[in-house]
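Right, one structure below, let's go through it.
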Amino acid sequence: PSLIHREDSAKLLYRILLWDKSFITPYAEALLENILPMIEDNHIFFSESMIKCIGRLVFIKPECIYSRLSQLMNILQKLIQDQSSAARRRAALSTISIIIRKIDRTKIEEQIFTSLLILTISIVRNELDHSVRCEAIRLLGIIGAIDPYLIKGLEKSDKFGFPVDESIQDFSSVNMSSSPEEFYAKIVVDSLISILKDSTLYLHHMAASQALVYLFRTLGQKSHQFLGQILPALYIIIKNCPPSSAEFYFQQLSVLVGVVGCHVGSQVEEIISI
């Protein structure tokens with residue numbers, strides 16, 4: 001078939017996968033086996049659609065990828081570094097996010113999380129395409145979640161379309177004796193805070209604050225340890241942002257306060273003064 005026919009067929013398959021789950025579920029494993037070899041196809045638009053199809057299959061039936069999980073994650077990590085297509089990088093990042101959100105996180109090797117963290121922060125720091133950065137921030141927030149199982153409870157009310165940018169603190173500043181999950185959370189918070197503190201990245205401040213709120217909601221009371229870093233950065237943004245943006249940041253602040261509850265006690269005076 002011609003390239004156009006292949007591309008159209010891939011798009012049609014993706015639209016079919018958006019149909020009722022009960023129709024697709026019995027065929028998920030067979031579809032995965034046939035689609036997986038195609039996600040690295042040289043035809044970029046065809047490849048992009050196939051990657052989206054993988055993400056949709058994982059959303060429909062997460063366990064269908066367990067036997068091919070390591071292979072798939074390795075391919076997707078390679079694709080998010082592929083500079084030939086921003087659209088394909090974005091699709092790969094989005095699919096990784098779906099995988100981490102939907103499957104049993106313990107099925108993913110810790111070294112994959114570590115390499116993903118490094119790669120994602122690199123993309124957030126260096127990527128020029130705004131939409132790719134958006135997906136990178138979304139992924140960054142998901143990787144940083146200490147309790148990934150709570151993510152499923154947030155999905156129905158998930159309003160956060162993350163975007164962002166900027167560098168990460170030196171890994172040596174983090175207590176390496178922490179559990180892997182705590183380590184990821186600390187690195188992610190440091191990275192997002194660095195964005196909020198950088199005035200040249202003001203276009204990404206809303207996205208970074210959304211990612212932090214998502215992370216706080218996922219961590220629950222455990223997130224209070226990060227208040228000392230996050231609230232001062234938010235105070236500065238609220239004081240300096242245009243009036244049209246102030247309501248948004250106050251909403252984010254109210255969510256953070258609601259999550260940590262009494263742990264915000266020492267910050268009450270500052271919050272009231274704002």
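Numbering starts fresh at 1 for the residues of each chain in the structure tokens, the chains themselves are lettered A, B, ... in the order given, and ligands are numbered from 1 as they appear.
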Report as a tab-separated table (two decimals) with all heavy atoms, in the first residue's frame all protein, DNA and RNA residues lying within 7 Å of Val188 of chain A, evaluated on only C-alpha atoms, omitting residues in the same chain fewer than 2 positions from it.
```
chain	number	residue	atom	x	y	z
A	140	LEU	N	6.62	14.07	34.00
A	140	LEU	CA	7.45	14.37	35.16
A	140	LEU	C	6.63	14.30	36.45
A	140	LEU	O	7.06	13.72	37.45
A	140	LEU	CB	8.06	15.77	35.00
A	140	LEU	CG	9.20	16.16	35.94
A	140	LEU	CD1	10.37	15.21	35.78
A	140	LEU	CD2	9.62	17.59	35.68
A	141	GLY	N	5.43	14.88	36.42
A	141	GLY	CA	4.57	14.83	37.60
A	141	GLY	C	4.15	13.41	37.94
A	141	GLY	O	4.07	13.04	39.11
A	144	GLY	N	6.96	11.39	39.52
A	144	GLY	CA	7.24	11.85	40.88
A	144	GLY	C	6.23	11.43	41.92
A	144	GLY	O	6.41	11.67	43.10
A	184	TYR	N	12.31	10.06	43.52
A	184	TYR	CA	11.70	10.62	42.32
A	184	TYR	C	10.91	11.87	42.66
A	184	TYR	O	10.97	12.87	41.95
A	184	TYR	CB	10.77	9.59	41.65
A	184	TYR	CG	11.44	8.31	41.24
A	184	TYR	CD1	10.78	7.09	41.39
A	184	TYR	CD2	12.73	8.31	40.72
A	184	TYR	CE1	11.40	5.91	41.02
A	184	TYR	CE2	13.34	7.13	40.36
A	184	TYR	CZ	12.68	5.92	40.51
A	184	TYR	OH	13.28	4.76	40.14
A	185	ALA	N	10.14	11.81	43.76
A	185	ALA	CA	9.31	12.95	44.13
A	185	ALA	C	10.17	14.18	44.43
A	185	ALA	O	9.85	15.29	44.01
A	185	ALA	CB	8.45	12.60	45.34
A	186	LYS	N	11.26	13.99	45.14
A	186	LYS	CA	12.13	15.12	45.51
A	186	LYS	C	12.77	15.74	44.27
A	186	LYS	O	12.85	16.96	44.15
A	186	LYS	CB	13.20	14.66	46.50
A	186	LYS	CG	12.65	14.34	47.88
A	186	LYS	CD	13.72	13.76	48.78
A	186	LYS	CE	13.14	13.38	50.14
A	186	LYS	NZ	14.15	12.77	51.02
A	190	ASP	N	12.03	19.55	42.94
A	190	ASP	CA	13.14	20.47	42.70
A	190	ASP	C	13.10	21.04	41.28
A	190	ASP	O	13.32	22.23	41.06
A	190	ASP	CB	14.49	19.77	42.93
A	190	ASP	CG	14.85	19.64	44.39
A	190	ASP	OD1	14.17	20.27	45.22
A	190	ASP	OD2	15.79	18.89	44.71
A	191	SER	N	12.83	20.16	40.33
A	191	SER	CA	12.80	20.59	38.93
A	191	SER	C	11.66	21.58	38.67
A	191	SER	O	11.85	22.59	38.00
A	191	SER	CB	12.64	19.36	38.04
A	191	SER	OG	12.68	19.71	36.68
A	192	LEU	N	10.47	21.29	39.21
A	192	LEU	CA	9.32	22.17	38.99
A	192	LEU	C	9.50	23.50	39.73
A	192	LEU	O	9.11	24.56	39.21
A	192	LEU	CB	8.04	21.47	39.45
A	192	LEU	CG	7.64	20.24	38.61
A	192	LEU	CD1	6.44	19.53	39.25
A	192	LEU	CD2	7.31	20.63	37.18
```
Inset, instruction - Identify, on the basis of only C-alpha atoms, every residue whose closest approach to segment 70-73 of chain A does not exceed 8 Å; exclude the query and any residue fewer than 4 positions from it along the same chain; express the result as a list in words. - result: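 So the residues in contact are Leu36, Gln77, Ile96, Ile108 and Ile112 of chain A.
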Inset, instruction - Considering only C-alpha atoms, return as a PyMOL selection string whatever protein or nucleic-acid residues lie within 12 Å of Arg133 of chain A, sequence-local ones (same chain, fewer than 4 positions apart) excluded. - result: chain A and resi 80+86-87+89-91+93-94+120-129+137-140+161-166+203-204+207-208
Inset, instruction - Would you mind telling me which residue in A:Ala233, A:Ile103, A:Cys262, A:Leu13 lies nearest to Phe46 of chain A when using only C-alpha atoms? - result: A:Leu13
Inset, instruction - Extract, using only C-alpha atoms, all DNA, RNA and protein residues at most 12 Å from Asn240 of chain A, discarding same-chain residues fewer than 4 positions from it, and format them as a PyMOL selection string. - result: chain A and resi 196-197+199+202+205+233-236+244-246+249+274
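When only C-alpha atoms are used to compute distances to Tyr14 of chain A, the closest of the residues A:Leu116, A:Cys53, A:Leu32, A:Ala211 turns out to be A:Cys53.
Between atom CA of Leu79 of chain A and atom CA of Glu40 of chain A the separation is 7.8 Å.
Picture a line from atom CA of Arg101 of chain A to atom CA of Phe59 of chain A; it runs 8.9 Å.
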Legend entry - Shortest interatomic distance to Ile75 of chain A - which of A:Ile51, A:Val259, A:Ile237, A:Leu201, counting only C-alpha atoms: A:Ile51
Legend entry - A:Ser115, A:Met38, A:Leu256, A:Leu57 ranked by distance to Phe23 of chain A, top pick (using only C-alpha atoms): A:Leu57
Legend entry - Among listed residues A:Thr200, A:Gln83, A:Gln252, A:Ser49, nearest Arg6 of chain A (using only C-alpha atoms):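 Distance minimum relative to Arg6 of chain A lands on A:Ser49.
Using only C-alpha atoms, the nearest neighbour of Trp19 of chain A within the list A:Ile118, A:Met50, A:Ile143, A:Ile60 is A:Ile60.
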Legend entry - Between atom CA of Leu31 of chain A and atom CA of Leu117 of chain A, distance in Å (one decimal):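 Spanning atom CA of Leu31 of chain A to atom CA of Leu117 of chain A is a straight-line distance of 29.2 Å.
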